[in-house]
>>> print(open('my_file15.pdb').read())   # PDB, C-alpha atoms
ATOM      1  CA  MET A   1     233.303  74.241  15.115
ATOM      2  CA  ASP A   2     232.539  71.427  17.508
ATOM      3  CA  GLU A   3     231.135  69.096  14.861
ATOM      4  CA  GLU A   4     233.847  66.920  13.305
ATOM      5  CA  GLU A   5     231.803  66.340  10.147
ATOM      6  CA  MET A   6     231.507  70.078   9.489
ATOM      7  CA  ARG A   7     235.190  70.662  10.189
ATOM      8  CA  SER A   8     236.222  68.042   7.643
ATOM      9  CA  ARG A   9     233.823  69.439   5.020
ATOM     10  CA  VAL A  10     235.078  72.988   5.453
ATOM     11  CA  ALA A  11     238.764  71.980   5.427
ATOM     12  CA  GLU A  12     238.513  70.916   1.776
ATOM     13  CA  TRP A  13     237.751  74.414   0.462
ATOM     14  CA  ARG A  14     238.356  76.815   3.366
ATOM     15  CA  LYS A  15     241.631  78.355   2.076
ATOM     16  CA  GLU A  16     240.264  78.835  -1.427
ATOM     17  CA  VAL A  17     237.174  80.694  -0.176
ATOM     18  CA  VAL A  18     239.178  82.886   2.236
ATOM     19  CA  MET A  19     241.563  83.849  -0.590
ATOM     20  CA  PHE A  20     238.645  84.630  -2.916
ATOM     21  CA  ALA A  21     236.886  86.804  -0.303
ATOM     22  CA  THR A  22     240.127  88.619   0.564
ATOM     23  CA  ASP A  23     240.789  89.324  -3.119
ATOM     24  CA  GLN A  24     237.270  90.729  -3.514
ATOM     25  CA  LEU A  25     237.812  93.049  -0.528
ATOM     26  CA  HIS A  26     240.821  94.556  -2.305
ATOM     27  CA  GLN A  27     238.549  95.415  -5.243
ATOM     28  CA  HIS A  28     235.935  98.154  -5.390
ATOM     29  CA  GLN A  29     232.636  97.112  -3.803
ATOM     30  CA  PRO A  30     229.661  99.388  -4.510
ATOM     31  CA  ARG A  31     227.806  98.629  -1.274
ATOM     32  CA  GLY A  32     228.650  98.296   2.407
ATOM     33  CA  ASP A  33     226.710  95.045   2.769
ATOM     34  CA  TYR A  34     228.861  93.502   0.011
ATOM     35  CA  ARG A  35     231.977  94.185   2.094
ATOM     36  CA  GLU A  36     230.255  93.000   5.253
ATOM     37  CA  LEU A  37     229.382  89.621   3.729
ATOM     38  CA  LEU A  38     232.966  89.163   2.543
ATOM     39  CA  GLU A  39     234.373  90.060   5.972
ATOM     40  CA  LEU A  40     231.932  87.747   7.772
ATOM     41  CA  THR A  41     232.846  84.908   5.419
ATOM     42  CA  ILE A  42     236.526  85.247   6.331
ATOM     43  CA  ILE A  43     235.761  85.538  10.062
ATOM     44  CA  PHE A  44     233.401  82.553   9.959
ATOM     45  CA  LEU A  45     236.164  80.426   8.402
ATOM     46  CA  GLY A  46     238.688  81.478  11.035
ATOM     47  CA  GLY A  47     240.563  84.091   9.035
ATOM     48  CA  GLN A  48     241.132  87.803   9.551
ATOM     49  CA  PRO A  49     239.907  90.424   7.044
ATOM     50  CA  PRO A  50     242.391  93.090   5.839
ATOM     51  CA  LYS A  51     240.872  95.713   8.186
ATOM     52  CA  GLY A  52     240.681  93.335  11.136
ATOM     53  CA  VAL A  53     237.785  91.586  12.861
ATOM     54  CA  ARG A  54     234.771  93.847  13.305
ATOM     55  CA  PHE A  55     231.001  93.519  13.424
ATOM     56  CA  ARG A  56     228.438  96.054  12.269
ATOM     57  CA  TYR A  57     225.202  96.921  14.008
ATOM     58  CA  PRO A  58     222.160  95.149  12.513
ATOM     59  CA  GLY A  59     220.381  97.141   9.831
ATOM     60  CA  THR A  60     217.152  96.812   7.889
ATOM     61  CA  ILE A  61     216.038  93.727   5.993
ATOM     62  CA  HIS A  62     214.363  94.009   2.606
ATOM     63  CA  ARG A  63     212.612  91.143   0.874
ATOM     64  CA  ALA A  64     214.310  92.030  -2.406
ATOM     65  CA  ARG A  65     217.752  91.307  -0.975
ATOM     66  CA  TRP A  66     218.591  87.868   0.365
ATOM     67  CA  MET A  67     222.082  89.108   1.223
ATOM     68  CA  SER A  68     220.862  90.632   4.497
ATOM     69  CA  ARG A  69     219.536  87.241   5.570
ATOM     70  CA  ALA A  70     222.879  85.702   4.648
ATOM     71  CA  ILE A  71     224.667  88.280   6.796
ATOM     72  CA  TYR A  72     222.437  87.679   9.828
ATOM     73  CA  THR A  73     222.664  83.904   9.487
ATOM     74  CA  LEU A  74     226.459  84.112   9.706
ATOM     75  CA  LYS A  75     226.215  86.444  12.702
ATOM     76  CA  MET A  76     223.794  84.146  14.530
ATOM     77  CA  VAL A  77     226.119  81.171  14.056
ATOM     78  CA  ILE A  78     229.207  83.163  15.067
ATOM     79  CA  PHE A  79     227.429  84.473  18.183
ATOM     80  CA  GLN A  80     225.498  81.283  18.941
ATOM     81  CA  GLU A  81     226.699  81.241  22.556
ATOM     82  CA  GLN A  82     225.337  84.767  23.119
ATOM     83  CA  TYR A  83     222.226  84.283  20.991
ATOM     84  CA  PRO A  84     220.068  81.350  22.192
ATOM     85  CA  MET A  85     218.302  80.715  18.898
ATOM     86  CA  ASP A  86     216.007  78.028  20.295
ATOM     87  CA  GLN A  87     214.374  80.624  22.565
ATOM     88  CA  ARG A  88     213.300  82.743  19.588
ATOM     89  CA  LEU A  89     210.810  80.115  18.411
ATOM     90  CA  GLY A  90     207.317  79.479  19.730
ATOM     91  CA  PRO A  91     206.702  76.354  21.879
ATOM     92  CA  SER A  92     205.169  74.428  18.957
ATOM     93  CA  ARG A  93     208.204  75.074  16.729
ATOM     94  CA  ARG A  94     210.939  74.963  19.354
ATOM     95  CA  GLN A  95     213.785  72.574  18.697
ATOM     96  CA  THR A  96     216.683  71.530  20.825
ATOM     97  CA  ARG A  97     219.653  73.867  20.850
ATOM     98  CA  SER A  98     221.808  71.434  18.874
ATOM     99  CA  GLU A  99     219.149  70.982  16.167
ATOM    100  CA  THR A 100     218.655  74.730  15.756
ATOM    101  CA  THR A 101     222.397  75.416  15.664
ATOM    102  CA  TRP A 102     222.958  72.616  13.138
ATOM    103  CA  ASN A 103     220.255  73.944  10.786
ATOM    104  CA  HIS A 104     221.717  77.459  10.858
ATOM    105  CA  LEU A 105     225.222  76.036  10.425
ATOM    106  CA  GLU A 106     224.138  74.140   7.285
ATOM    107  CA  VAL A 107     222.764  77.379   5.803
ATOM    108  CA  ALA A 108     225.941  79.249   6.811
ATOM    109  CA  ILE A 109     228.061  76.623   5.037
ATOM    110  CA  PHE A 110     225.950  77.071   1.913
ATOM    111  CA  ILE A 111     226.400  80.859   2.102
ATOM    112  CA  VAL A 112     230.196  80.850   2.333
ATOM    113  CA  GLN A 113     230.834  77.853   0.062
ATOM    114  CA  VAL A 114     228.323  78.556  -2.709
ATOM    115  CA  TYR A 115     226.258  81.747  -2.522
ATOM    116  CA  MET A 116     229.040  84.228  -1.747
ATOM    117  CA  LYS A 117     231.355  83.110  -4.546
ATOM    118  CA  TYR A 118     228.741  83.045  -7.295
ATOM    119  CA  TRP A 119     227.144  86.313  -6.184
ATOM    120  CA  PHE A 120     230.402  88.221  -6.606
ATOM    121  CA  GLN A 121     231.179  86.510  -9.920
ATOM    122  CA  ALA A 122     227.744  87.329 -11.340
ATOM    123  CA  PRO A 123     228.711  90.650 -13.058
ATOM    124  CA  SER A 124     231.448  89.038 -15.179
ATOM    125  CA  MET A 125     230.905  88.032 -18.788
ATOM    126  CA  SER A 126     231.564  84.456 -17.624
ATOM    127  CA  ALA A 127     227.951  84.381 -16.432
ATOM    128  CA  PRO A 128     226.887  81.424 -18.655
ATOM    129  CA  ARG A 129     229.765  79.253 -17.419
ATOM    130  CA  ASN A 130     229.214  80.326 -13.804
ATOM    131  CA  ASP A 131     225.468  79.641 -13.977
ATOM    132  CA  LEU A 132     225.973  76.115 -15.284
ATOM    133  CA  HIS A 133     228.740  75.424 -12.776
ATOM    134  CA  LEU A 134     226.496  76.715  -9.983
ATOM    135  CA  LEU A 135     223.819  74.177 -10.923
ATOM    136  CA  LYS A 136     226.412  71.409 -10.827
ATOM    137  CA  VAL A 137     227.654  72.513  -7.388
ATOM    138  CA  LEU A 138     224.106  72.662  -6.063
ATOM    139  CA  GLU A 139     223.379  69.153  -7.320
ATOM    140  CA  ASP A 140     226.331  67.825  -5.287
ATOM    141  CA  PHE A 141     225.687  69.928  -2.162
ATOM    142  CA  PRO A 142     225.473  67.574   0.877
ATOM    143  CA  SER A 143     222.225  69.005   2.288
ATOM    144  CA  LYS A 144     219.589  67.869  -0.203
ATOM    145  CA  GLU A 145     216.969  70.124   1.385
ATOM    146  CA  ILE A 146     219.097  73.218   0.769
ATOM    147  CA  SER A 147     220.187  71.898  -2.632
ATOM    148  CA  THR A 148     216.603  71.422  -3.817
ATOM    149  CA  ALA A 149     215.392  74.799  -2.504
ATOM    150  CA  ALA A 150     218.350  76.726  -3.939
ATOM    151  CA  THR A 151     218.123  74.984  -7.315
ATOM    152  CA  THR A 152     214.422  75.824  -7.542
ATOM    153  CA  VAL A 153     215.079  79.503  -6.820
ATOM    154  CA  PHE A 154     218.145  79.897  -9.055
ATOM    155  CA  SER A 155     216.427  78.084 -11.925
ATOM    156  CA  GLY A 156     214.236  81.161 -12.294
ATOM    157  CA  HIS A 157     217.300  83.317 -12.964
ATOM    158  CA  LEU A 158     219.165  81.386 -15.657
ATOM    159  CA  ARG A 159     218.819  84.049 -18.343
ATOM    160  CA  TYR A 160     222.471  83.608 -19.359
ATOM    161  CA  LEU A 161     221.802  79.999 -20.311
ATOM    162  CA  SER A 162     219.244  81.159 -22.857
ATOM    163  CA  GLU A 163     219.826  80.677 -26.584
ATOM    164  CA  THR A 164     220.752  84.354 -26.954
ATOM    165  CA  LEU A 165     222.837  85.295 -23.913
ATOM    166  CA  VAL A 166     224.860  82.100 -23.899
ATOM    167  CA  GLY A 167     226.750  83.951 -26.649
ATOM    168  CA  PHE A 168     228.907  85.502 -23.911
ATOM    169  CA  ALA A 169     230.593  82.099 -23.588
ATOM    170  CA  PHE A 170     232.293  82.503 -26.986
ATOM    171  CA  PHE A 171     234.495  85.163 -25.343
ATOM    172  CA  ASP A 172     235.160  83.327 -22.062
ATOM    173  CA  ASP A 173     238.778  82.140 -21.978
ATOM    174  CA  GLN A 174     237.891  79.580 -19.276
ATOM    175  CA  VAL A 175     235.668  77.643 -21.686
ATOM    176  CA  THR A 176     237.691  74.801 -23.210
ATOM    177  CA  LEU A 177     238.604  74.658 -26.887
ATOM    178  CA  GLU A 178     236.667  71.412 -27.253
ATOM    179  CA  VAL A 179     233.465  73.014 -25.936
ATOM    180  CA  LYS A 180     233.958  76.106 -28.117
ATOM    181  CA  ARG A 181     234.326  73.924 -31.208
ATOM    182  CA  LYS A 182     231.005  72.247 -30.388
ATOM    183  CA  MET A 183     229.476  75.684 -29.774
ATOM    184  CA  VAL A 184     230.526  76.862 -33.238
ATOM    185  CA  LYS A 185     229.081  73.702 -34.790
ATOM    186  CA  ASN A 186     225.736  74.124 -32.970
ATOM    187  CA  LEU A 187     225.637  77.792 -33.964
ATOM    188  CA  LYS A 188     225.562  76.640 -37.589
ATOM    189  CA  ASP A 189     223.560  73.404 -37.383
ATOM    190  CA  LYS A 190     221.340  73.177 -34.289
ATOM    191  CA  PRO A 191     217.868  74.650 -34.922
ATOM    192  CA  GLY A 192     216.704  77.276 -32.449
ATOM    193  CA  SER A 193     213.522  79.170 -31.675
ATOM    194  CA  LYS A 194     212.451  81.998 -33.974
ATOM    195  CA  ASP A 195     211.595  84.292 -31.066
ATOM    196  CA  ALA A 196     213.449  84.692 -27.786
ATOM    197  CA  PRO A 197     211.689  82.473 -25.185
ATOM    198  CA  LYS A 198     209.828  84.337 -22.460
ATOM    199  CA  GLN A 199     210.767  81.751 -19.862
ATOM    200  CA  ILE A 200     213.952  79.733 -19.395
ATOM    201  CA  HIS A 201     213.191  76.095 -18.697
ATOM    202  CA  PRO A 202     214.912  74.459 -15.692
ATOM    203  CA  VAL A 203     218.082  72.526 -16.483
ATOM    204  CA  SER A 204     217.857  68.816 -15.697
ATOM    205  CA  ARG A 205     220.964  66.726 -15.000
ATOM    206  CA  PRO A 206     223.465  69.614 -15.281
ATOM    207  CA  GLN A 207     226.394  67.300 -14.529
ATOM    208  CA  ASN A 208     225.994  65.783 -17.998
ATOM    209  CA  MET A 209     225.897  69.120 -19.820
ATOM    210  CA  ASP A 210     228.336  71.676 -21.172
ATOM    211  CA  LEU A 211     227.661  75.135 -22.622
ATOM    212  CA  SER A 212     227.447  73.889 -26.183
ATOM    213  CA  GLY A 213     224.095  72.301 -25.325
ATOM    214  CA  PHE A 214     222.540  75.768 -25.010
ATOM    215  CA  VAL A 215     223.892  77.149 -28.308
ATOM    216  CA  THR A 216     221.626  77.097 -31.369
ATOM    217  CA  THR A 217     221.297  79.017 -34.611
ATOM    218  CA  SER A 218     219.260  81.546 -32.594
ATOM    219  CA  THR A 219     222.406  82.455 -30.633
ATOM    220  CA  LYS A 220     223.319  84.597 -33.656
ATOM    221  CA  ARG A 221     220.919  87.160 -32.185
ATOM    222  CA  PHE A 222     223.625  87.873 -29.589
ATOM    223  CA  PHE A 223     226.088  88.946 -32.307
ATOM    224  CA  ASN A 224     223.430  90.989 -34.115
ATOM    225  CA  ILE A 225     222.295  92.849 -30.993
ATOM    226  CA  LEU A 226     225.847  93.869 -30.036
ATOM    227  CA  HIS A 227     226.940  94.386 -33.661
ATOM    228  CA  VAL A 228     229.757  91.899 -33.106
ATOM    229  CA  ASN A 229     231.784  90.847 -36.155
ATOM    230  CA  GLU A 230     231.353  87.074 -36.675
ATOM    231  CA  ASP A 231     234.236  86.517 -39.090
ATOM    232  CA  PHE A 232     236.426  84.962 -36.384
ATOM    233  CA  LEU A 233     233.962  82.059 -36.171
ATOM    234  CA  GLN A 234     235.316  80.818 -39.493
ATOM    235  CA  LYS A 235     238.611  79.994 -37.765
ATOM    236  CA  ASP A 236     239.425  77.331 -35.187
ATOM    237  CA  PRO A 237     239.010  78.586 -31.580
ATOM    238  CA  LEU A 238     242.730  77.969 -31.070
ATOM    239  CA  GLU A 239     243.418  80.867 -33.466
ATOM    240  CA  TRP A 240     240.906  83.335 -32.007
ATOM    241  CA  ALA A 241     243.309  84.989 -29.570
ATOM    242  CA  ALA A 242     245.555  86.088 -32.446
ATOM    243  CA  ASP A 243     242.656  87.346 -34.567
ATOM    244  CA  GLU A 244     242.339  91.139 -34.646
ATOM    245  CA  LYS A 245     238.563  91.068 -35.254
ATOM    246  CA  TYR A 246     238.079  88.696 -32.336
ATOM    247  CA  GLN A 247     240.069  90.995 -30.036
ATOM    248  CA  HIS A 248     237.953  93.968 -31.122
ATOM    249  CA  SER A 249     234.775  91.966 -30.436
ATOM    250  CA  LEU A 250     236.185  90.819 -27.092
ATOM    251  CA  ASP A 251     236.732  94.428 -25.984
ATOM    252  CA  LEU A 252     233.166  95.243 -26.969
ATOM    253  CA  VAL A 253     231.687  92.280 -25.078
ATOM    254  CA  LYS A 254     233.805  93.046 -22.005
ATOM    255  CA  SER A 255     232.268  96.533 -21.856
ATOM    256  CA  VAL A 256     228.771  95.077 -21.444
ATOM    257  CA  ARG A 257     227.510  95.081 -17.868
ATOM    258  CA  VAL A 258     226.135  91.577 -17.442
ATOM    259  CA  ILE A 259     223.722  92.463 -14.630
ATOM    260  CA  ASN A 260     222.310  95.694 -13.235
ATOM    261  CA  ASP A 261     221.708  95.242  -9.526
ATOM    262  CA  LEU A 262     220.463  98.794  -9.059
ATOM    263  CA  ALA A 263     217.822  98.393 -11.761
ATOM    264  CA  GLU A 264     216.632  95.061 -10.330
ATOM    265  CA  ARG A 265     216.261  96.519  -6.836
ATOM    266  CA  GLY A 266     214.554  99.602  -8.266
ATOM    267  CA  VAL A 267     211.955  97.493 -10.054
ATOM    268  CA  VAL A 268     211.175  95.573  -6.858
ATOM    269  CA  LEU A 269     210.865  98.759  -4.806
ATOM    270  CA  MET A 270     208.566 100.380  -7.370
ATOM    271  CA  THR A 271     206.424  97.254  -7.563
ATOM    272  CA  GLU A 272     206.011  97.081  -3.793
ATOM    273  CA  PHE A 273     205.297 100.812  -3.551
ATOM    274  CA  ASN A 274     202.686 100.509  -6.277
ATOM    275  CA  ALA A 275     201.027  97.586  -4.457
ATOM    276  CA  SER A 276     200.969  99.514  -1.176
ATOM    277  CA  LEU A 277     198.927 102.403  -2.620
ATOM    278  CA  THR A 278     195.807 100.548  -3.676
ATOM    279  CA  LYS A 279     194.663  97.079  -4.675
ATOM    280  CA  SER A 280     192.036  98.417  -7.076
ATOM    281  CA  GLU A 281     193.108  98.158 -10.709
ATOM    282  CA  GLU A 282     190.798 101.050 -11.618
ATOM    283  CA  GLN A 283     192.386 103.319  -9.014
ATOM    284  CA  LYS A 284     195.868 102.329 -10.251
ATOM    285  CA  GLN A 285     194.923 103.447 -13.758
ATOM    286  CA  PHE A 286     193.658 106.782 -12.393
ATOM    287  CA  LEU A 287     196.933 107.149 -10.468
ATOM    288  CA  LEU A 288     198.994 106.591 -13.629
ATOM    289  CA  GLN A 289     196.985 109.282 -15.418
ATOM    290  CA  VAL A 290     197.601 111.720 -12.559
ATOM    291  CA  VAL A 291     201.351 111.001 -12.670
ATOM    292  CA  GLU A 292     201.430 111.490 -16.452
ATOM    293  CA  ALA A 293     199.547 114.796 -16.206
ATOM    294  CA  HIS A 294     201.899 115.952 -13.430
ATOM    295  CA  ARG A 295     204.977 115.192 -15.527
ATOM    296  CA  LYS A 296     203.593 117.168 -18.455
ATOM    297  CA  LYS A 297     202.866 120.149 -16.244
ATOM    298  CA  TYR A 298     206.182 120.082 -14.343
ATOM    299  CA  SER A 299     208.938 119.231 -16.803
ATOM    300  CA  ALA A 300     211.705 119.425 -14.173
ATOM    301  CA  PRO A 301     211.326 118.040 -10.616
ATOM    302  CA  THR A 302     212.655 121.193  -8.891
ATOM    303  CA  LYS A 303     211.182 123.823  -6.583
ATOM    304  CA  ALA A 304     212.001 126.541  -9.110
ATOM    305  CA  ALA A 305     209.978 124.781 -11.823
ATOM    306  CA  ALA A 306     207.017 124.367  -9.441
ATOM    307  CA  LEU A 307     207.082 128.078  -8.502
ATOM    308  CA  ASN A 308     207.225 129.139 -12.154
ATOM    309  CA  ASN A 309     204.110 127.087 -12.867
TER     310      ASN A 309
END
>>> encode(input="my_file15.pdb", output="structure tokens")
Amino acid sequence: MDEEEMRSRVAEWRKEVVMFATDQLHQHQPRGDYRELLELTIIFLGGQPPKGVRFRYPGTIHRARWMSRAIYTLKMVIFQEQYPMDQRLGPSRRQTRSETTWNHLEVAIFIVQVYMKYWFQAPSMSAPRNDLHLLKVLEDFPSKEISTAATTVFSGHLRYLSETLVGFAFFDDQVTLEVKRKMVKNLKDKPGSKDAPKQIHPVSRPQNMDLSGFVTTSTKRFFNILHVNEDFLQKDPLEWAADEKYQHSLDLVKSVRVINDLAERGVVLMTEFNASLTKSEEQKQFLLQVVEAHRKKYSAPTKAAALNN
């Protein structure tokens, strides 16, 4: 990096991020683009991935996956000498080369410092703690334009800071004993909503909050849904680790998949496919009836079943 300001910013956390990305590469990754983002992060920060420095051919971009845009942003910054980004804009939007490079560099810094780490930590049961910590990191991010935009987007995905799903935090060993004691108190005393809210309200001033602020009496729904024994809550959090019932509940909670990326992408694809067929609500209803009739007629989606019918 030529910019001294960027070099000094990156130096503070560069080693930590490279170690995190390298550790993730040694674990199973279900998709090739996951590995590619991790490798590009290490290369961007001047390191070398376990399998060496390599670059993949560009692939398709889908609106449902911001990761592809993250990958191409890193590539454009890495290859900025070979890719004159200012020439890709129309005359009315064209900026100087330094301005264009700086804007992309700011986004690249956000990707490797913030987005990458929290994306790969998302499937863990530490989701409530990670979500709150993400909001705090975003609030302190140097680029206020990126900070505001990212906070707005992520605020629509804070389901694990809801009254119910914040229950995962009771089993997070990174949550302090002090916070857990306040969580237990709020679980007994702080009134909650009777029904699960349909929308999670944005969190204001996250720096002044801890996870206990999201726990209410309604958090008991978490224990009821998973059939988790609550007896350990009668003890001090310091004693939970030695409690047999807590350990049994911990194993149960650990088995829960916190997110389902495949399902989320499937919903988006089906929604877009449905919208591409027709914009008429009446025709959509007819289409659903045709699909239902087809499924009744052909119980198994195989050629053999079709020939038998």
>>> closest_residue(input="my_file15.pdb", among="A:Met183, A:Leu238, A:Ile42, A:Ile111", to="Ser212 (chain A)", atoms="all atoms listed in the file")
A:Met183
>>> resolve_selection(input="my_file15.pdb", expression="the PyMOL selection byres ((chain A and resi 172) around 12)", output="PyMOL selection string")
chain A and resi 124-130+166-171+173-177+179-180+211+237+240-241+246+250-251+253-254
>>> residues_around(input="my_file15.pdb", residues="Gly32 (chain A)", least_positions_apart="2", cutoff="12 Å", atoms="all atoms listed in the file", output="PyMOL selection string")
chain A and resi 25+28-30+34-39+56+59+67-68+71
>>> atom_distance(input="my_file15.pdb", atom1="CA of Asn208 (chain A)", atom2="CA of Lys144 (chain A)")
19.0 Å
>>> closest_residue(input="my_file15.pdb", among="A:Pro191, A:Pro142, A:Pro58, A:Pro123", to="Ser218 (chain A)", atoms="only C-alpha atoms")
A:Pro191
>>> closest_residue(input="my_file15.pdb", among="A:Gln82, A:Gln121, A:Ser280, A:Gln113", to="Val18 (chain A)", atoms="all atoms listed in the file")
A:Gln113
>>> resolve_selection(input="my_file15.pdb", expression="the PyMOL selection byres ((chain A and resi 107) around 12)", output="ChimeraX atom specification")
/A:6,69-77,100-106,108-116,141-147,149-150
>>> atom_distance(input="my_file15.pdb", atom1="CA of Ser162 (chain A)", atom2="CA of Val17 (chain A)")
28.9 Å
